[in-house]
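Q: One structure coming up, written as structure tokens, with questions to follow.
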Amino acid sequence: MKILKIDHLGIAVKSIDAGKAFWTDILGLPFIGTETVAEQKVTTAFFPVGESEVELLETTAPDGPVAKYIEKRGEGIQHVAFRVENIEEALAFLKEKGVALIDQVPRKGAGGAKIAFLHPKATNGVLVELCER
Ligand code: ZN
């Protein structure tokens, strides 16, 4: 499996509208707009930073994964996403190594990316996302 870079850091926020001021007004990152990914019950906003991006995540439903995260741990870094060259190949490799996966097959993420999450029990407690775009 080939990892190309850290694609983005996913940050759970209560409100993108309220949370984005720090990232845009203070840090000066460009704000491109939001996108809702219905299957994941989340609205996302990406802020490019050099080769990577910051992704703010706001839940669209009280039972969504971002809502549950904030309930348990408050706002903060929810996942780290690595860009891979070939996500199917990466998942096959990880399965072969016995790594616990949340997604056995890739699903659709924001921006038309193919994404898959690894289980935090296999990654020192960090929710790791693989993405291919
Ligand atoms: Zn992400």
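Naming works like this for the structure tokens: A, B, ... for the chains as they're shown, residue 1 at the start of each chain, ligands 1 onward in shown order.
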List the spatial neighbours of Val54 of chain A as an MDAnalysis selection string - criterion: any atom at most 6 Å away, only C-alpha atoms, same-chain residues fewer than 4 positions off excluded.
A: chainID A and resid 8:9 46:47
Q: Within 8 Å of ligand 1, which residues show up when you count only C-alpha atoms and all ligand atoms? List them as a ChimeraX atom specification, please.
A: /A:8-10,55,79-81,109-110,129
Q: Between A:Thr44, A:Thr60, A:Val49, A:Leu118, which has the minimum distance to Leu27 of chain A (counting only C-alpha atoms)?
A: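 Nearest candidate to Leu27 of chain A out of A:Thr44, A:Thr60, A:Val49, A:Leu118: A:Val49.
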Q: Ranking A:Lys114, A:Glu35, A:Thr24, A:Ala18 by minimum distance to Arg83 of chain A and counting only C-alpha atoms, which one comes first?
A: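 The answer is A:Lys114, which sits nearest to Arg83 of chain A.
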Q: Which of these residues is nearest to Glu88 of chain A, using only C-alpha atoms: A:Cys131, A:Lys72, A:Pro48, A:Val37?
A: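 Of A:Cys131, A:Lys72, A:Pro48, A:Val37, the one nearest Glu88 of chain A, counting only C-alpha atoms, is A:Cys131.
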Q: Just the strand (DSSP E) stuff from segment 29-109 of chain A, please, per backbone DSSP, written as a ChimeraX atom specification.
A: /A:34-37,42-49,52-59,76-84,107-108
Q: Per DSSP on the backbone, filter segment 81-131 of chain A down to the residues in helix (DSSP H, G or I) and report them as a PyMOL selection string.
A: chain A and resi 87-96+110-112+120-122
Q: Grab the residues selected above and save them as a compact mmCIF listing (two decimals), in the first residue's frame with all heavy atoms.
A:
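Below is the file that was written, part04.txt:
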# COMPACT_ATOMS: atom_id res chain seq x y z
N ILE A 87 -7.09 2.73 -3.03
CA ILE A 87 -7.74 2.41 -1.75
C ILE A 87 -8.13 0.93 -1.67
O ILE A 87 -8.05 0.33 -0.60
CB ILE A 87 -8.93 3.36 -1.48
CG1 ILE A 87 -9.34 3.31 0.00
CG2 ILE A 87 -10.10 3.08 -2.40
CD1 ILE A 87 -10.24 4.45 0.44
N GLU A 88 -8.55 0.33 -2.77
CA GLU A 88 -8.91 -1.09 -2.75
C GLU A 88 -7.68 -1.93 -2.38
O GLU A 88 -7.76 -2.86 -1.56
CB GLU A 88 -9.46 -1.55 -4.11
CG GLU A 88 -10.90 -1.14 -4.38
CD GLU A 88 -11.02 0.27 -4.98
OE1 GLU A 88 -9.97 0.90 -5.25
OE2 GLU A 88 -12.16 0.73 -5.16
N GLU A 89 -6.56 -1.58 -2.98
CA GLU A 89 -5.31 -2.28 -2.71
C GLU A 89 -4.90 -2.09 -1.24
O GLU A 89 -4.46 -3.04 -0.59
CB GLU A 89 -4.24 -1.67 -3.63
CG GLU A 89 -3.07 -2.53 -3.95
CD GLU A 89 -2.15 -1.77 -4.90
OE1 GLU A 89 -2.45 -1.73 -6.11
OE2 GLU A 89 -1.16 -1.17 -4.42
N ALA A 90 -5.06 -0.88 -0.73
CA ALA A 90 -4.69 -0.58 0.67
C ALA A 90 -5.56 -1.40 1.62
O ALA A 90 -5.06 -1.99 2.59
CB ALA A 90 -4.85 0.91 0.95
N LEU A 91 -6.88 -1.48 1.36
CA LEU A 91 -7.78 -2.25 2.22
C LEU A 91 -7.44 -3.74 2.18
O LEU A 91 -7.46 -4.42 3.21
CB LEU A 91 -9.24 -2.01 1.83
CG LEU A 91 -9.80 -0.62 2.18
CD1 LEU A 91 -11.19 -0.43 1.60
CD2 LEU A 91 -9.82 -0.37 3.68
N ALA A 92 -7.13 -4.25 1.00
CA ALA A 92 -6.76 -5.66 0.87
C ALA A 92 -5.49 -5.95 1.68
O ALA A 92 -5.41 -6.96 2.40
CB ALA A 92 -6.56 -6.01 -0.61
N PHE A 93 -4.54 -5.04 1.60
CA PHE A 93 -3.28 -5.20 2.35
C PHE A 93 -3.55 -5.20 3.86
O PHE A 93 -3.03 -6.05 4.59
CB PHE A 93 -2.33 -4.06 1.98
CG PHE A 93 -1.08 -4.02 2.80
CD1 PHE A 93 0.01 -4.84 2.50
CD2 PHE A 93 -0.98 -3.15 3.89
CE1 PHE A 93 1.16 -4.80 3.28
CE2 PHE A 93 0.17 -3.11 4.66
CZ PHE A 93 1.24 -3.94 4.36
N LEU A 94 -4.38 -4.25 4.33
CA LEU A 94 -4.66 -4.15 5.76
C LEU A 94 -5.42 -5.38 6.26
O LEU A 94 -5.16 -5.87 7.36
CB LEU A 94 -5.44 -2.86 6.05
CG LEU A 94 -4.64 -1.57 5.80
CD1 LEU A 94 -5.56 -0.36 5.79
CD2 LEU A 94 -3.54 -1.40 6.84
N LYS A 95 -6.37 -5.87 5.47
CA LYS A 95 -7.10 -7.09 5.83
C LYS A 95 -6.15 -8.27 5.99
O LYS A 95 -6.24 -9.05 6.93
CB LYS A 95 -8.14 -7.42 4.75
CG LYS A 95 -9.48 -6.75 4.98
CD LYS A 95 -10.49 -7.16 3.89
CE LYS A 95 -11.32 -5.97 3.48
NZ LYS A 95 -12.17 -6.23 2.31
N GLU A 96 -5.25 -8.37 5.04
CA GLU A 96 -4.25 -9.44 5.07
C GLU A 96 -3.41 -9.36 6.34
O GLU A 96 -3.00 -10.38 6.89
CB GLU A 96 -3.38 -9.26 3.82
CG GLU A 96 -2.46 -10.39 3.47
CD GLU A 96 -1.53 -9.95 2.34
OE1 GLU A 96 -2.04 -9.65 1.23
OE2 GLU A 96 -0.31 -9.86 2.58
N ALA A 110 -16.69 13.31 0.87
CA ALA A 110 -16.85 14.65 0.31
C ALA A 110 -15.91 14.82 -0.90
O ALA A 110 -14.87 14.18 -0.99
CB ALA A 110 -16.54 15.70 1.37
N GLY A 111 -16.32 15.65 -1.82
CA GLY A 111 -15.48 15.96 -2.98
C GLY A 111 -15.30 14.79 -3.93
O GLY A 111 -14.35 14.76 -4.71
N GLY A 112 -16.23 13.80 -3.86
CA GLY A 112 -16.14 12.66 -4.77
C GLY A 112 -15.01 11.69 -4.44
O GLY A 112 -14.69 10.83 -5.24
N PRO A 120 -10.29 2.43 15.43
CA PRO A 120 -9.32 3.04 16.37
C PRO A 120 -8.60 2.04 17.26
O PRO A 120 -7.50 2.32 17.75
CB PRO A 120 -10.18 4.00 17.21
CG PRO A 120 -11.40 4.26 16.40
CD PRO A 120 -11.63 3.03 15.56
N LYS A 121 -9.20 0.86 17.47
CA LYS A 121 -8.51 -0.13 18.33
C LYS A 121 -7.24 -0.65 17.66
O LYS A 121 -6.37 -1.21 18.33
CB LYS A 121 -9.45 -1.27 18.73
CG LYS A 121 -9.75 -2.28 17.65
CD LYS A 121 -10.73 -3.34 18.16
CE LYS A 121 -11.05 -4.33 17.05
NZ LYS A 121 -12.22 -5.15 17.32
N ALA A 122 -7.14 -0.46 16.34
CA ALA A 122 -5.95 -0.93 15.61
C ALA A 122 -4.91 0.18 15.42
O ALA A 122 -3.84 -0.05 14.88
CB ALA A 122 -6.37 -1.47 14.24
Q: Determine, counting only C-alpha atoms, which protein, DNA and RNA residues have an atom within 8 Å of an atom of Ser52 of chain A; residues of the same chain fewer than 6 positions away are not included. Present the result as a list in words.
A: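 So, after excluding close chain neighbours, the residues are Lys5, Ile6, Asp7 and His8 of chain A.
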Q: I need the chosen residues saved as a compact mmCIF listing (two decimals), in the first residue's frame, with N, CA, C and O atoms.
A:
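Printed below is selection-v8.txt as written:
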# COMPACT_ATOMS: atom_id res chain seq x y z
N LYS A 5 0.36 11.19 1.31
CA LYS A 5 0.50 12.36 2.20
C LYS A 5 -0.62 12.35 3.23
O LYS A 5 -1.55 11.55 3.14
N ILE A 6 -0.54 13.26 4.21
CA ILE A 6 -1.71 13.50 5.07
C ILE A 6 -2.65 14.35 4.23
O ILE A 6 -2.30 15.47 3.83
N ASP A 7 -3.81 13.79 3.92
CA ASP A 7 -4.76 14.50 3.06
C ASP A 7 -5.46 15.62 3.84
O ASP A 7 -5.54 16.74 3.38
N HIS A 8 -5.95 15.27 5.01
CA HIS A 8 -6.60 16.29 5.84
C HIS A 8 -6.73 15.83 7.29
O HIS A 8 -6.57 14.65 7.59
Q: When you count only C-alpha atoms, which of these residues is closest to Phe82 of chain A: A:Ile115, A:Ala12, A:Ala38, A:Ala45?
A: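 Looking at the shortest contact to Phe82 of chain A, the residue is A:Ile115.
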